[in-house]
Amino acid sequence: MIGYFACALGAHFRAGRSLFLLTIFGVALGVAAVLSIQIINRNALAAFEGSMHALSGDADLSVLGRTPSLPDSLYVRVLATPGVQAAWPLYRANVALAGKRRFYLEVIGVDLFAPLRVPWQGEGAELAGALGRPGWAAFSPALAQEQGWAAGDSVQVHRGAEAAWLRVGALVDFQKLSPLASPRMVVMDIAQAQHLLRGTGQLHQIDVVVAKGADVAAMQARLEQELGPTVRVPTPEQRVQQTAGLLSAFRLNLTALSLISLFVGLFLVYSSTQASLVRRRAEFGMLRSLGATRAQVFGLIVGEVALLGGLGVLVGLPLGYWGARANVGVVSTALSNLYLLEEIHALELPWWLFGMAALVGVGGAVAGALMPALDMCRRDTRSLLSAFTLHEKIGSLAPALGAGGLLLMAVTGVWYWTLGRDWQPAGFVLALSLLLGLPLTAPLVVKALTGWMRVRNFGLAYSLRSLGTRLQTTAFAVAALAVAVSMVVGTTLMIGSFRRTLEVWIQTTVQADVYVSPASWRGQGEGGGLDEGVVAGLATQPGVRRVDRLRGLTGYSPANQPLALAGVDMGLPSGAGRFALLQGEAGAAFAQVHRQGAVLIGETLARRQHLWQGDMLAICVPAGVRSFPIAGVYYDYNAQGGAVVMDLQTLEAHWGPGPVSSAALYLDPGLDAERVADGLRDHFGSAPLEIRSNQRLRREAMDIFDQTFAVTKLLQGISWLIAVCGIALMLLVLAREQIPELALYRALGATSRQVFLLFVGKGLGMGIFGLVLGSMGGVLLAMILIFVINRVYFGWTIQLHWPWAALATQGITILGAAVLASLYPARKASRTLASELRREDG
Amino acid sequence: MKPVLAFVQVRKTYPLSGGKGSRHALCEATFAVAAGQKIAIVGRSGSGKSTLLHLAAGIDVPTTGQVWVSGRDLGRLSEGERTLFRRHEVGLIFQFFHLLSHLSVADNVALPAMIAGENGAATQRRVEELLVRVGLADRRRDPVQKLSGGEMQRVAICRALLRRPRLLLADEPTGNLDDDNGRRVMDLLLALADDEGAALLFVTHSREFARLADQVWEIQSGQLRVPEPGA
């Protein structure tokens with residue numbers, strides 16, 4: 001049978017090259033989508049993991065603060081704790097590289113005599129210089145090469161208002177310890193780092209090696225008890241898990257979207273296999289009549305599909321890698337902007353990821369072909385040799401399939417409303433039922449719509465009407481396109497709504513005219529503060545009516561939930577408009593925050609922790625744990641974990657005095673904010689300040705939003721490309737199956753141009769049906785994304801908005817692509833001669 | 001009177017695969033068919049009957065010789081021109097009917113007019129007239145799958161006659177029917193051809209049906225034997 005397999009495969013390939021190639025392409029795209037997303041997902045966390053392992057890989061535990069920093073004195077207490085074999089302190093600070101916008105380095109002050117493995121490059125790194133020369137720092141070889149630095153060069157960095165000069169003293173290659181470690185880590189002597197960056201007496205981390213034989217979990221509990229509620233003591237694995245938790249929703253959504261692309265690809269495999277088997281029924285009948293068993297025929301079919309799947313995988317794997325490389329930049333930027341995590345500098349490519357993708361590709365192809373293969377093998381020899389009635393079968397099954405699809409969606413909907421709402425993954429169950437149920441309705445929709453058409457001429461209506469007779473072929477192409485369109489329309493609607501919601505939110509909350517912050521501040525948490533003189537100077541600038549100050553910190557709940565704390569002047573006149581409240585009455589809420597030490601919390605935090613107005617929020621402060629009454633909940637699109645706003649005085653009362661992170665300037669009416677911003681830049685000269693007008697800040701915020709969804713757009717493109725391939729594939733099948741019909745048209749006087757246009761009409765018809773069905777599915781999917789998944793996983797309220805222009809563009813693109821996909825099959829069909837009738841008549 | 005159809009020394013050969021010579025499907029056929037004349041062609045399978053019909057319809061072109069239909073040499077026309085010519089001058093009837101399942105009975109009859117872009121009120125009246133003549137007017141909206149074999153062939157005959165062609169070509173019109181239905185269909189076909197004044201050339205295995213024609217020509221291994229006038 002293997003010999004027959006090889007001969008037959010060659011013959012079928014020669015007879016239907018286009019079908020084979022399209023099938024392989026469909027599998028390849030599906031595999032590429034899954035692989036590229038999994039590479040990105042894996043590396044989203046791996047960058048953080050790599051840096052952490054490079055720095056703290058030898059430690060069993062890390063003492064971290066639930067406050068912005070730890071006091072020096074904590075180190076001695078850690079060392080004195082029984083069971084601690086060794087410990088070393090770390091001072092960590094993000095700085096901005098002078099002269100480059102948004103280029104951040106992480107300065108890590110280490111005790112150079114601690115038993116810490118630092119991968120110095122070259123022999124005999126001059127550690128004496130590290131202690132003696134001011135600003136001595138070790139940079140990664142990659143960074144030094146990128147920036148063109150050599151030993152002895154001076155590098156200026158900024159932290160808040162402070163400028164510091166670092167000197168390139170040595171090279172340290174953390175990537176030798178962990179290939180994914182960030183090349184932007186800079187190592188200095190801890191005392192030097194503290195002094196230069198105004199952090200004397202402060203630590204950020206103490207790594208601990210537990211004594212041999214001691215239980216790590218017990219040590220963890222002991223240290224937490226000894227050191228008090230202002231610290232947390234996670235293991236390296238727990239730190240990774242916490243970050244993974246932050247990223248879980250982001251990664252899960254990307255994975256779900258990539259699986260839709262794969263699903264559409266598998267549809268293609270199913271359709272092409274079915275079409276192929278229908279054409280070859282006589283061949284299988286002949287084989288069975290010659291003594292081949294059902295198992296042998298099954299093996300023949302599955303073997304062929306597995307081979308096609310394997311070829312698709314071979315094409316898809318490099319495509320997936322290329323896709324990941326091409327998109328890692330935008331994802332990395334999103335991670336950095338939204339989660340303040342390390343950017344991805346290198347891609348880790350474990351072999352098992354490729355193995356998984358290969359398995360998915362081949363396995364998926366075989367799974368897609370299983371039903372048609374089993375169906376073919378079950379048939380008896382006589383029915384295989386006689387005229388096939390599958391078309392009629394699908395036609396008669398159409399109502400049942402349609403009812404089944406609608407029932408599936410309805411039952412899932414009812415389940416969600418009655419039982420499923422409290423279950424976090426319920427949204428994905430809803431989406432899955434939609435993507436399974438929708439294609440089941442395709443045969444009924446095509447049959448019903450084509451049945452209603454009245455044909456008068458040999459035009460578009462005739463083309464559409466003719467689609468109804470080949471449901472076995474056309475309905476699957478329509479179904480695949482409908483799934484792809486659902487994904488495209490659904491995500492377009494969701495992104496469009498989100499964008500508009502964000503625009504409105506920004507318009508509401510970004511009310512000041514000019515914003516001034518240190519170059520090292522990344523929008524939340526710490527990052528250094530503005531110089532007091534600068535803040536005072538801003539208030540005296542001509543045209544500045546009022547200065548609104550914001551001080552940012554990173555705090556933690558007792559459960560180690562990171563919180564972006566912001567202290568603002570709540571007593572500012574007309575300052576209430578800065579926060580659009582989801583819950584709470586503005587006047588009362590802001591008064592409570594201003595005068596009674598209450599807080600406002602962001603919606604993300606509220607939904608995740610089920611905290612609402614009137615509840616208490618526990619936050620770790622230097623003096624212990626304090627509970628703050630929640631005066632209201634405001635709309636917030638913070639991705640990191642949760643935002644809390646309090647009055648500046650409340651912040652200072654609990655965290656002590658500190659510099660302002662950002663100043664928002666309100667100008668006199670009629671002044672041009674851009675010109676004022678330019679004037680301020682001139683006035684403050686070389687001070688490390690980021691000065692932006694309201695307009696520019698809004699633009700940058702929307703740019704970050706657009707970057708975040710760049711990968712989604714890529715996946716949209718892959719899905720509809722696969723679906724369009726499906727249309728081309730099905731039309732090629734029709735061009736072969738319908739030779740007698742096409743020959744009849746030619747015999748009755750239809751020109752080749754008319755047959756060409758007939759097929760283009762069929763392609764357009766499939767596009768129209770897929771678009772109609774998919775649009776309905778897309779609207780439902782958008783509702784699920786907006787009102788269920790995003791709310792549960794990210795805690796965002798998104799107002800539904802119809803981006804008509806974007807949707808119309810998508811629709812036109814899809815129809816245009818359907819027409820384009822039909823051109824080649826139409827050309828083939830138009831070459832059918834009337835004499836083909838004679839071959840069919842025998 | 002000019003013949004409706006004339007073959008002049010027509011030869012049709014097909015190359016064999018592998019470049020090993022060629023097969024002579026039709027050898028030096030010469031004949032003429034006058035308006036209203038009914039000719040039956042009999043012969044075994046593979047004798048060249050269908051080839052002759054396809055050449056007459058302009059579906060195929062002769063290797064040598066000339067095929068004249070309504071005064072036009074089909075060999076001088078391009079494939080597109082022959083297609084357009086066929087719309088107006090030739091009606092085709094096939095053994096396996098070749099009706100389309102996505103069209104109703106009436107729409108199947110009107111198909112040539114749809115192709116020609118002339119499916120207006122006049123065509124609809126013509127469709128109705130033909131369906132009445134064949135006794136299927138009450139089935140005009142039915143899908144063709146619901147018809148019997150004989151009924152399907154009657155619909156196919158109506159389709160062939162829709163545009164009043166001067167030449168009707170029928171390839172085994174009763175080949176897929178039982179004897180009774182076959183007889184009825186032949187009677188109908190001959191009567192309609194008479195009424196429309198069209199020349200009819202039909203291929204058949206059945207000597208009984210062949211005898212209903214004005215002349216019976218035999219074809220064997222591509223050689224057509226046309227009886228002498230008066231024979």
# chains A, B, ... in the order shown; residues from 1 in each chain; ligands from 1
call {"tool": "select_by_dssp", "arguments": {"residues": "chain B", "states": "alpha helix (DSSP H)", "output": "number ranges by chain"}}
result
B: 49-57, 79-89, 105-116, 121-133, 149-161, 179-196, 207-210
call {"tool": "interface_residues", "arguments": {"of": "chain A", "to": "chain B", "cutoff": "8 Å", "atoms": "only C-alpha atoms", "output": "JSON, numbers by chain"}}
result
{"A": [455, 456, 457, 458, 465, 466, 468, 469, 741, 744, 745, 746, 747, 748, 749, 750, 751, 752, 833, 834, 835, 838, 841]}
call {"tool": "write_last_selection", "arguments": {"atoms": "N, CA and C atoms", "output": "tab-separated table (two decimals), in the first residue's frame"}}
result
chain	number	residue	atom	x	y	z
A	455	VAL	N	-33.48	34.68	-10.15
A	455	VAL	CA	-32.48	34.99	-11.18
A	455	VAL	C	-33.18	35.36	-12.47
A	456	ARG	N	-32.68	36.43	-13.05
A	456	ARG	CA	-33.23	36.87	-14.33
A	456	ARG	C	-32.16	36.79	-15.41
A	457	ASN	N	-30.94	37.06	-14.97
A	457	ASN	CA	-29.85	37.09	-15.94
A	457	ASN	C	-28.67	36.30	-15.43
A	458	PHE	N	-27.71	36.19	-16.30
A	458	PHE	CA	-26.52	35.41	-16.00
A	458	PHE	C	-25.52	36.31	-15.28
A	465	ARG	N	-26.98	32.33	-6.51
A	465	ARG	CA	-27.95	31.23	-6.48
A	465	ARG	C	-27.25	29.88	-6.65
A	466	SER	N	-26.27	29.86	-7.52
A	466	SER	CA	-25.59	28.59	-7.82
A	466	SER	C	-24.77	28.09	-6.64
A	468	GLY	N	-25.79	27.66	-3.76
A	468	GLY	CA	-26.62	26.83	-2.91
A	468	GLY	C	-26.65	25.37	-3.28
A	469	THR	N	-26.14	25.03	-4.47
A	469	THR	CA	-26.20	23.63	-4.87
A	469	THR	C	-24.95	22.86	-4.49
A	741	GLU	N	-21.08	21.43	-15.81
A	741	GLU	CA	-21.96	22.61	-15.80
A	741	GLU	C	-21.34	23.75	-16.59
A	744	LEU	N	-21.58	23.08	-20.16
A	744	LEU	CA	-22.95	23.32	-20.63
A	744	LEU	C	-23.16	24.79	-20.93
A	745	TYR	N	-22.70	25.66	-20.02
A	745	TYR	CA	-22.84	27.10	-20.27
A	745	TYR	C	-22.16	27.48	-21.59
A	746	ARG	N	-20.97	26.93	-21.79
A	746	ARG	CA	-20.26	27.25	-23.03
A	746	ARG	C	-21.00	26.71	-24.24
A	747	ALA	N	-21.56	25.50	-24.08
A	747	ALA	CA	-22.33	24.92	-25.17
A	747	ALA	C	-23.57	25.75	-25.49
A	748	LEU	N	-24.16	26.37	-24.48
A	748	LEU	CA	-25.38	27.17	-24.68
A	748	LEU	C	-25.06	28.60	-25.11
A	749	GLY	N	-23.78	28.91	-25.24
A	749	GLY	CA	-23.44	30.21	-25.78
A	749	GLY	C	-22.80	31.18	-24.82
A	750	ALA	N	-22.44	30.73	-23.62
A	750	ALA	CA	-21.77	31.63	-22.69
A	750	ALA	C	-20.32	31.78	-23.11
A	751	THR	N	-19.83	33.02	-23.12
A	751	THR	CA	-18.44	33.25	-23.47
A	751	THR	C	-17.54	32.91	-22.28
A	752	SER	N	-16.24	32.83	-22.55
A	752	SER	CA	-15.32	32.55	-21.43
A	752	SER	C	-15.33	33.70	-20.44
A	833	LEU	N	-13.97	24.25	-21.95
A	833	LEU	CA	-14.54	24.29	-23.29
A	833	LEU	C	-15.85	23.52	-23.32
A	834	ALA	N	-16.68	23.85	-24.28
A	834	ALA	CA	-17.94	23.12	-24.44
A	834	ALA	C	-17.68	21.65	-24.71
A	835	SER	N	-16.53	21.34	-25.31
A	835	SER	CA	-16.24	19.94	-25.64
A	835	SER	C	-16.03	19.08	-24.40
A	838	ARG	N	-18.55	16.35	-23.75
A	838	ARG	CA	-18.45	15.07	-24.43
A	838	ARG	C	-17.75	14.08	-23.53
A	841	ASP	N	-20.16	12.91	-20.98
A	841	ASP	CA	-21.20	12.04	-21.50
A	841	ASP	C	-20.68	10.67	-21.86
call {"tool": "residues_around", "arguments": {"residues": "Ser148 of chain B", "least_positions_apart": "4", "cutoff": "10 Å", "atoms": "only C-alpha atoms", "output": "list in words"}}
result
Val144, Met152, Gln153, Arg154, Leu177 and Asn181 of chain B
call {"tool": "residues_around", "arguments": {"residues": "Arg736 of chain A", "least_positions_apart": "6", "cutoff": "9 Å", "atoms": "only C-alpha atoms", "output": "NGL selection string"}}
result
:A and (279 or 828-829)
call {"tool": "atom_distance", "arguments": {"atom1": "atom CA of Arg140 of chain B", "atom2": "atom CA of Arg470 of chain A"}}
result
22.8 Å
call {"tool": "residues_around", "arguments": {"residues": "Gly614 of chain A", "least_positions_apart": "5", "cutoff": "8 Å", "atoms": "only C-alpha atoms", "output": "VMD selection string"}}
result
chain A and resid 629 to 632
call {"tool": "write_last_selection", "arguments": {"atoms": "N, CA and C atoms", "output": "short mmCIF file (atom, residue, chain, number, x, y, z; two decimals), in the first residue's frame"}}
result
data_model
loop_
_atom_site.label_atom_id
_atom_site.label_comp_id
_atom_site.auth_asym_id
_atom_site.auth_seq_id
_atom_site.Cartn_x
_atom_site.Cartn_y
_atom_site.Cartn_z
N PRO A 629 -10.11 54.23 54.12
CA PRO A 629 -11.48 54.11 53.60
C PRO A 629 -11.52 54.49 52.12
N ILE A 630 -12.33 53.76 51.39
CA ILE A 630 -12.45 54.02 49.94
C ILE A 630 -13.61 54.98 49.73
N ALA A 631 -13.29 56.16 49.22
CA ALA A 631 -14.32 57.18 49.01
C ALA A 631 -14.98 57.06 47.63
N GLY A 632 -14.32 56.40 46.73
CA GLY A 632 -14.90 56.27 45.39
C GLY A 632 -14.01 55.41 44.51
#
call {"tool": "residues_around", "arguments": {"residues": "Gly182 of chain B", "least_positions_apart": "4", "cutoff": "10 Å", "atoms": "only C-alpha atoms", "output": "PDB file with C-alpha atoms, in the first residue's frame"}}
result
ATOM      1  CA  GLY B 149     -36.413  11.284 -16.869  1.00  0.00           C
ATOM      2  CA  GLY B 150     -38.894  11.849 -19.647  1.00  0.00           C
ATOM      3  CA  GLN B 153     -35.762  15.601 -21.437  1.00  0.00           C
ATOM      4  CA  PRO B 173     -31.985  12.045 -26.727  1.00  0.00           C
ATOM      5  CA  THR B 174     -33.614   8.788 -25.600  1.00  0.00           C
ATOM      6  CA  GLY B 175     -30.449   7.054 -24.400  1.00  0.00           C
ATOM      7  CA  ASN B 176     -31.318   7.537 -20.761  1.00  0.00           C
ATOM      8  CA  LEU B 177     -35.020   6.747 -21.016  1.00  0.00           C
ATOM      9  CA  ASP B 178     -37.096   3.600 -21.055  1.00  0.00           C
ATOM     10  CA  MET B 186     -38.974  11.267 -29.939  1.00  0.00           C
ATOM     11  CA  ASP B 187     -42.488  11.968 -31.111  1.00  0.00           C
ATOM     12  CA  LEU B 188     -42.451  15.295 -29.324  1.00  0.00           C
ATOM     13  CA  PHE B 209     -36.248   5.656 -33.534  1.00  0.00           C
TER      14      PHE B 209
END
call {"tool": "residues_around", "arguments": {"residues": "Ala591 of chain A", "least_positions_apart": "6", "cutoff": "12 Å", "atoms": "only C-alpha atoms", "output": "list in words"}}
result
Asp569, Met570, Gly571, Leu572, Pro573, Gly575, Ala576, Gly584, Glu585, Gly597, Ala598, Val599, Leu600, Ala631, Gly632, Met646 and Asp647 of chain A
call {"tool": "atom_distance", "arguments": {"atom1": "atom CA of Leu370 of chain A", "atom2": "atom CA of Val269 of chain A"}}
result
10.3 Å
call {"tool": "atom_distance", "arguments": {"atom1": "atom CA of Lys176 of chain A", "atom2": "atom CA of Arg117 of chain A"}}
result
11.1 Å
call {"tool": "select_by_dssp", "arguments": {"residues": "segment 549-745 of chain A", "states": "strand (DSSP E or B)", "output": "VMD selection string"}}
result
chain A and resid 549 to 556 562 to 568 581 to 583 599 to 602 616 to 621 624 to 634 643 to 647 662 to 667 689 to 693
